Amino acid sequence: MNKLKTMMVALCCALAISACGSSDDTTSSNNGGNNNNNSGTTTPSEQPSTNTTTFVKGADVSWVTEMLADGKTFNNGKVKDLDGFMSYMKSLGVNSIRLRVWVDPKNEGTSYCDVADVTKKAVAARKAGMKLMIDFHYSDTWADPGNQKVPKAWSSYTFAQMKQAVSDHTQSVLSALKSAGVDSVEWVQVGNETSDGMLWNDNDISVTGKCSKNPSNFAAYITAGYNAAKRVYPKTKVVVHLAEGQNSFLYTRLFGLLKKYNASYDIIGMSLYPEDSNWSSYITDCIANIKSLKSTFGKDVIISEIGMTWNSSQADSFIKTILANAKTTDGCEGVFYWEPEVYGGWKPADYTAKGWNAYGKGAFDTTGSATTAFQEFNK
């Protein structure tokens with residue numbers, strides 16, 4: 001996701017939430033393609049080799065290969081390669097790694113987060129003994145509450161073609177991981193921060209997966225990703241991920257619509273990005289939301305993203321408290337920190353081109369070493 005949300009994006013999100021599902025009568029007549037059947041059978045080799053009941057203390061480190069290529073090092077200069085980095089993360093208490101994947105990022109001027117890059121990182125994470133979450137954005141670039149851009153190659157697709165593309169892309173990426181020796185993917189996230197759906201094609205209401213325009217399509221695309229993921233890794237858990245974990249209205253509304261339109265998924269994913277002034281109330285509201293969702297929809301929850309300003313005096317308390325509360329909440333599988341390894345004002349090329357500030361909610365200090373806040377993961 002683009003972590004540096006502008007006021008315009010926030011306004012768009014608010015409008016989308018209030019509108020979500022208001023246009024049910026506009027759904028396409030050809031949306032009967034939902035298939036909730038779980039294809040494939042599980043063989044012993046496909047069983048996860050790690051203990052999936054262990055509380056998740058994870059990190060999304062999708063930027064790491066780009067940082068290494070830019071000459072960044074970690075652990076005060078001691079770590080200079082990918083395998084070393086994954087081992088360092090493991091030593092910090094991380095037991096799970098989350099990796100985003102874009103459809104064809106070359107259309108946006110980069111090769112990072114394509115299938116080859118994701119495979120390299122996934123292999124290194126499994127070599128270090130960590131579990132994996134693969135985060136499908138279904139876009140050539142960032143997908144988040146204000147941006148769910150259709151991949152360039154899919155821009156003229158019909159509903160049926162779009163649903164097939166979701167299936168094919170999901171299966172292709174996961175098959176590449178499996179062929180590279182990745183024996184298990186514990187979670188597959190179908191869409192990133194899909195607070196108002198995904199694959200927005202507002203020019204064609206029969207195709208768009210925008211929830212406020214066509215919730216039936218959104219449910220169909222989720223199910224297409226679900227079925228494809230299960231064909232490759234039958235034991236994987238499929239996650240539907242929204243922003244604003246403290247916002248119970250958003251979650252109840254959207255997951256109510258997914259239930260109405262028979263979407264198939266296993267787990268609810270959340271993001272949580274507080275500031276110094278509100279982190280305590282955010283945690284309180286987030287935990288209450290998790291309990292409510294578990295009761296209402298019967299689904300477990302995983303906090304797919306958290307972040308706090310790296311040098312905040314409140315960061316230690318925030319991370320300690322969110323980990324403690326999540327671990328003792330029935331139905332919460334764990335927590336992932338988003339890009340903790342970012343430090344020293346580093347930013348990728350597209351950040352520079354767009355004039356955004358560098359991402360500041362990592363959890364490493366200016367030497368590329370974990371701050372005391374992130375070291376809470378090792379307790």
# chains A, B, ... in the order shown; residues from 1 in each chain; ligands from 1
>>> residues_around(residues="Asp135 (chain A)", least_positions_apart="2", cutoff="8 Å", atoms="only C-alpha atoms", output="PyMOL selection string")
chain A and resi 98-101+133+137+188-192
>>> residues_around(residues="region 105-108 of chain A", least_positions_apart="4", cutoff="9 Å", atoms="only C-alpha atoms", output="list in words")
Val101, Tyr112, Cys113, Asp114, Ser139, Asp140, Thr141, Pro151, Lys152 and Asp350 of chain A
>>> write_last_selection(atoms="C-alpha atoms", output="PDB file, in the first residue's frame")
ATOM      1  CA  VAL A 101       3.223  -9.180  -5.901  1.00  0.00           C
ATOM      2  CA  TYR A 112      10.560  -5.270  -8.330  1.00  0.00           C
ATOM      3  CA  CYS A 113       7.659  -7.224  -6.845  1.00  0.00           C
ATOM      4  CA  ASP A 114       7.162  -9.210 -10.040  1.00  0.00           C
ATOM      5  CA  SER A 139      -2.472  -4.339 -10.205  1.00  0.00           C
ATOM      6  CA  ASP A 140       0.768  -3.296 -11.881  1.00  0.00           C
ATOM      7  CA  THR A 141       1.356  -0.916  -8.965  1.00  0.00           C
ATOM      8  CA  PRO A 151      -3.436  -4.008 -14.761  1.00  0.00           C
ATOM      9  CA  LYS A 152      -2.681  -2.617 -18.193  1.00  0.00           C
ATOM     10  CA  ASP A 350       8.751   6.075  -7.868  1.00  0.00           C
TER      11      ASP A 350
END
>>> closest_residue(among="A:Cys332, A:Thr284, A:Arg253, A:Thr208", to="Ile267 (chain A)", atoms="only C-alpha atoms")
A:Cys332
>>> select_by_dssp(residues="region 160-329 of chain A", states="alpha helix (DSSP H)", output="VMD selection string")
chain A and resid 160 to 179 215 to 232 248 to 260 279 to 297 315 to 327
>>> write_last_selection(atoms="C-alpha atoms", output="PDB file, in the first residue's frame")
ATOM      1  CA  ALA A 160     -15.614 -13.284 -17.392  1.00  0.00           C
ATOM      2  CA  GLN A 161     -12.146 -12.448 -18.698  1.00  0.00           C
ATOM      3  CA  MET A 162     -11.309 -10.437 -15.586  1.00  0.00           C
ATOM      4  CA  LYS A 163     -12.363 -13.264 -13.308  1.00  0.00           C
ATOM      5  CA  GLN A 164     -10.262 -15.684 -15.349  1.00  0.00           C
ATOM      6  CA  ALA A 165      -7.301 -13.301 -15.209  1.00  0.00           C
ATOM      7  CA  VAL A 166      -7.482 -13.188 -11.409  1.00  0.00           C
ATOM      8  CA  SER A 167      -7.519 -16.973 -11.353  1.00  0.00           C
ATOM      9  CA  ASP A 168      -4.702 -17.391 -13.881  1.00  0.00           C
ATOM     10  CA  HIS A 169      -2.431 -14.797 -12.264  1.00  0.00           C
ATOM     11  CA  THR A 170      -2.923 -16.227  -8.778  1.00  0.00           C
ATOM     12  CA  GLN A 171      -2.289 -19.774  -9.915  1.00  0.00           C
ATOM     13  CA  SER A 172       0.701 -18.800 -12.072  1.00  0.00           C
ATOM     14  CA  VAL A 173       2.536 -16.943  -9.299  1.00  0.00           C
ATOM     15  CA  LEU A 174       1.911 -19.625  -6.704  1.00  0.00           C
ATOM     16  CA  SER A 175       2.898 -22.357  -9.148  1.00  0.00           C
ATOM     17  CA  ALA A 176       6.177 -20.523  -9.787  1.00  0.00           C
ATOM     18  CA  LEU A 177       6.845 -20.490  -6.044  1.00  0.00           C
ATOM     19  CA  LYS A 178       6.075 -24.172  -5.765  1.00  0.00           C
ATOM     20  CA  SER A 179       8.320 -24.992  -8.723  1.00  0.00           C
ATOM     21  CA  PRO A 215     -20.289  -5.844  -4.870  1.00  0.00           C
ATOM     22  CA  SER A 216     -21.249  -9.031  -6.702  1.00  0.00           C
ATOM     23  CA  ASN A 217     -18.242  -8.668  -9.003  1.00  0.00           C
ATOM     24  CA  PHE A 218     -15.949  -8.037  -6.054  1.00  0.00           C
ATOM     25  CA  ALA A 219     -17.167 -11.238  -4.403  1.00  0.00           C
ATOM     26  CA  ALA A 220     -16.652 -13.156  -7.650  1.00  0.00           C
ATOM     27  CA  TYR A 221     -13.078 -11.920  -8.025  1.00  0.00           C
ATOM     28  CA  ILE A 222     -12.301 -12.844  -4.408  1.00  0.00           C
ATOM     29  CA  THR A 223     -13.658 -16.334  -5.012  1.00  0.00           C
ATOM     30  CA  ALA A 224     -11.680 -16.702  -8.237  1.00  0.00           C
ATOM     31  CA  GLY A 225      -8.484 -15.946  -6.315  1.00  0.00           C
ATOM     32  CA  TYR A 226      -9.524 -18.288  -3.521  1.00  0.00           C
ATOM     33  CA  ASN A 227     -10.104 -21.247  -5.816  1.00  0.00           C
ATOM     34  CA  ALA A 228      -6.844 -20.663  -7.690  1.00  0.00           C
ATOM     35  CA  ALA A 229      -4.838 -20.469  -4.471  1.00  0.00           C
ATOM     36  CA  LYS A 230      -6.338 -23.717  -3.179  1.00  0.00           C
ATOM     37  CA  ARG A 231      -5.485 -25.517  -6.414  1.00  0.00           C
ATOM     38  CA  VAL A 232      -1.782 -24.882  -5.808  1.00  0.00           C
ATOM     39  CA  SER A 248     -15.853  -1.545  12.752  1.00  0.00           C
ATOM     40  CA  PHE A 249     -18.464  -0.027  10.433  1.00  0.00           C
ATOM     41  CA  LEU A 250     -16.241  -0.519   7.403  1.00  0.00           C
ATOM     42  CA  TYR A 251     -15.582  -4.169   8.208  1.00  0.00           C
ATOM     43  CA  THR A 252     -19.123  -5.114   9.155  1.00  0.00           C
ATOM     44  CA  ARG A 253     -20.481  -3.473   6.006  1.00  0.00           C
ATOM     45  CA  LEU A 254     -18.023  -4.968   3.538  1.00  0.00           C
ATOM     46  CA  PHE A 255     -17.896  -8.484   4.960  1.00  0.00           C
ATOM     47  CA  GLY A 256     -21.674  -8.447   5.164  1.00  0.00           C
ATOM     48  CA  LEU A 257     -21.723  -7.841   1.417  1.00  0.00           C
ATOM     49  CA  LEU A 258     -19.200 -10.591   0.770  1.00  0.00           C
ATOM     50  CA  LYS A 259     -21.425 -12.943   2.740  1.00  0.00           C
ATOM     51  CA  LYS A 260     -24.468 -11.811   0.792  1.00  0.00           C
ATOM     52  CA  TRP A 279      -2.461   4.483  19.335  1.00  0.00           C
ATOM     53  CA  SER A 280      -4.097   3.326  22.568  1.00  0.00           C
ATOM     54  CA  SER A 281      -7.650   3.967  21.352  1.00  0.00           C
ATOM     55  CA  TYR A 282      -6.823   2.416  17.969  1.00  0.00           C
ATOM     56  CA  ILE A 283      -5.754  -0.795  19.693  1.00  0.00           C
ATOM     57  CA  THR A 284      -8.865  -0.835  21.867  1.00  0.00           C
ATOM     58  CA  ASP A 285     -11.126  -0.360  18.850  1.00  0.00           C
ATOM     59  CA  CYS A 286      -9.174  -2.851  16.734  1.00  0.00           C
ATOM     60  CA  ILE A 287      -9.402  -5.621  19.329  1.00  0.00           C
ATOM     61  CA  ALA A 288     -13.117  -4.960  19.814  1.00  0.00           C
ATOM     62  CA  ASN A 289     -13.529  -5.145  16.037  1.00  0.00           C
ATOM     63  CA  ILE A 290     -11.716  -8.508  15.894  1.00  0.00           C
ATOM     64  CA  LYS A 291     -14.003  -9.959  18.569  1.00  0.00           C
ATOM     65  CA  SER A 292     -17.107  -8.644  16.817  1.00  0.00           C
ATOM     66  CA  LEU A 293     -16.057  -9.990  13.411  1.00  0.00           C
ATOM     67  CA  LYS A 294     -15.273 -13.406  14.891  1.00  0.00           C
ATOM     68  CA  SER A 295     -18.706 -13.496  16.495  1.00  0.00           C
ATOM     69  CA  THR A 296     -20.600 -12.170  13.461  1.00  0.00           C
ATOM     70  CA  PHE A 297     -18.867 -13.945  10.572  1.00  0.00           C
ATOM     71  CA  ALA A 315       6.553   3.139  19.393  1.00  0.00           C
ATOM     72  CA  ASP A 316       7.752   0.672  22.044  1.00  0.00           C
ATOM     73  CA  SER A 317       4.485   0.940  23.949  1.00  0.00           C
ATOM     74  CA  PHE A 318       2.387   0.618  20.794  1.00  0.00           C
ATOM     75  CA  ILE A 319       4.114  -2.548  19.578  1.00  0.00           C
ATOM     76  CA  LYS A 320       4.253  -4.144  23.020  1.00  0.00           C
ATOM     77  CA  THR A 321       0.553  -3.465  23.567  1.00  0.00           C
ATOM     78  CA  ILE A 322      -0.707  -4.560  20.147  1.00  0.00           C
ATOM     79  CA  LEU A 323       1.275  -7.819  20.343  1.00  0.00           C
ATOM     80  CA  ALA A 324       0.064  -8.571  23.869  1.00  0.00           C
ATOM     81  CA  ASN A 325      -3.571  -7.831  23.060  1.00  0.00           C
ATOM     82  CA  ALA A 326      -3.576  -9.676  19.746  1.00  0.00           C
ATOM     83  CA  LYS A 327      -1.984 -12.751  21.306  1.00  0.00           C
TER      84      LYS A 327
END
>>> residues_around(residues="region 127-130 of chain A", least_positions_apart="6", cutoff="12 Å", atoms="only C-alpha atoms", output="number ranges by chain")
A: 48-52, 54, 56-59, 82-91, 93-98, 120-121, 180-186
>>> select_by_dssp(residues="region 185-333 of chain A", states="strand (DSSP E)", output="PyMOL selection string")
chain A and resi 187-190+237-242+267-272+300-306+332-333
>>> write_last_selection(atoms="C-alpha atoms", output="PDB file, in the first residue's frame")
ATOM      1  CA  TRP A 187      -1.640 -17.371   3.666  1.00  0.00           C
ATOM      2  CA  VAL A 188      -2.657 -15.944   0.311  1.00  0.00           C
ATOM      3  CA  GLN A 189      -4.068 -12.429   0.407  1.00  0.00           C
ATOM      4  CA  VAL A 190      -6.484 -11.783  -2.467  1.00  0.00           C
ATOM      5  CA  LYS A 237      -5.587 -19.728   4.215  1.00  0.00           C
ATOM      6  CA  VAL A 238      -7.073 -17.061   1.950  1.00  0.00           C
ATOM      7  CA  VAL A 239      -7.200 -13.532   3.401  1.00  0.00           C
ATOM      8  CA  VAL A 240      -9.419 -10.577   2.476  1.00  0.00           C
ATOM      9  CA  HIS A 241      -7.638  -7.442   3.698  1.00  0.00           C
ATOM     10  CA  LEU A 242      -9.018  -3.962   4.489  1.00  0.00           C
ATOM     11  CA  ILE A 267      -9.480 -15.037   7.206  1.00  0.00           C
ATOM     12  CA  ILE A 268     -10.091 -11.306   7.609  1.00  0.00           C
ATOM     13  CA  GLY A 269      -6.984  -9.122   7.294  1.00  0.00           C
ATOM     14  CA  MET A 270      -6.503  -5.670   8.836  1.00  0.00           C
ATOM     15  CA  SER A 271      -4.155  -2.688   8.674  1.00  0.00           C
ATOM     16  CA  LEU A 272      -3.536  -0.451  11.684  1.00  0.00           C
ATOM     17  CA  ASP A 300     -10.356 -15.541  12.348  1.00  0.00           C
ATOM     18  CA  VAL A 301      -8.446 -12.286  11.858  1.00  0.00           C
ATOM     19  CA  ILE A 302      -4.825 -11.500  11.083  1.00  0.00           C
ATOM     20  CA  ILE A 303      -3.382  -7.997  11.377  1.00  0.00           C
ATOM     21  CA  SER A 304      -1.606  -7.865   8.009  1.00  0.00           C
ATOM     22  CA  GLU A 305      -0.001  -4.453   8.512  1.00  0.00           C
ATOM     23  CA  ILE A 306       1.010  -2.218  11.376  1.00  0.00           C
ATOM     24  CA  CYS A 332      -6.487 -13.361  16.152  1.00  0.00           C
ATOM     25  CA  GLU A 333      -3.682 -15.265  14.398  1.00  0.00           C
TER      26      GLU A 333
END
>>> closest_residue(among="A:Tyr343, A:Ala263, A:Trp102, A:Glu66", to="Ser369 (chain A)", atoms="only C-alpha atoms")
A:Tyr343
>>> atom_distance(atom1="CA of Trp338 (chain A)", atom2="CA of Pro274 (chain A)")
12.9 Å
>>> closest_residue(among="A:Gly307, A:Asn278, A:Asp266, A:Tyr359", to="Phe336 (chain A)", atoms="only C-alpha atoms")
A:Gly307
>>> residues_around(residues="Asp81 (chain A)", least_positions_apart="3", cutoff="10 Å", atoms="only C-alpha atoms", output="compact mmCIF listing (two decimals) with N, CA, C and O atoms, in the first residue's frame")
# COMPACT_ATOMS: atom_id res chain seq x y z
N VAL A 64 13.02 -5.23 0.39
CA VAL A 64 14.40 -5.55 0.77
C VAL A 64 15.32 -5.75 -0.43
O VAL A 64 16.48 -5.30 -0.41
N THR A 65 14.86 -6.40 -1.50
CA THR A 65 15.76 -6.63 -2.64
C THR A 65 16.12 -5.32 -3.31
O THR A 65 17.26 -5.13 -3.77
N LEU A 68 18.70 -3.61 -1.01
CA LEU A 68 20.02 -4.22 -1.16
C LEU A 68 20.68 -3.80 -2.47
O LEU A 68 21.88 -3.51 -2.52
N ALA A 69 19.89 -3.73 -3.54
CA ALA A 69 20.42 -3.30 -4.83
C ALA A 69 20.88 -1.85 -4.79
O ALA A 69 21.81 -1.46 -5.52
N GLY A 71 22.38 -0.60 -2.32
CA GLY A 71 23.56 -0.55 -1.47
C GLY A 71 23.28 -0.47 0.02
O GLY A 71 24.21 -0.29 0.82
N LYS A 72 22.02 -0.60 0.42
CA LYS A 72 21.69 -0.57 1.83
C LYS A 72 22.16 -1.86 2.51
O LYS A 72 22.07 -2.95 1.93
N THR A 73 22.64 -1.73 3.72
CA THR A 73 23.03 -2.87 4.53
C THR A 73 22.22 -2.86 5.83
O THR A 73 21.55 -1.87 6.14
N PHE A 74 22.32 -3.95 6.59
CA PHE A 74 21.52 -4.08 7.80
C PHE A 74 22.38 -4.58 8.96
O PHE A 74 23.48 -5.08 8.76
N LYS A 78 26.56 -5.36 8.96
CA LYS A 78 26.96 -6.76 8.96
C LYS A 78 26.21 -7.60 7.94
O LYS A 78 26.70 -8.66 7.52
N GLY A 84 21.27 -13.40 4.37
CA GLY A 84 21.68 -12.84 5.65
C GLY A 84 20.59 -11.99 6.27
O GLY A 84 20.38 -12.01 7.49
N PHE A 85 19.89 -11.26 5.43
CA PHE A 85 18.80 -10.42 5.92
C PHE A 85 17.69 -11.27 6.53
O PHE A 85 17.18 -10.97 7.61
N MET A 86 17.28 -12.34 5.83
CA MET A 86 16.21 -13.19 6.35
C MET A 86 16.64 -13.84 7.66
O MET A 86 15.83 -13.96 8.60
>>> atom_distance(atom1="CA of Thr236 (chain A)", atom2="CA of Tyr337 (chain A)")
20.7 Å
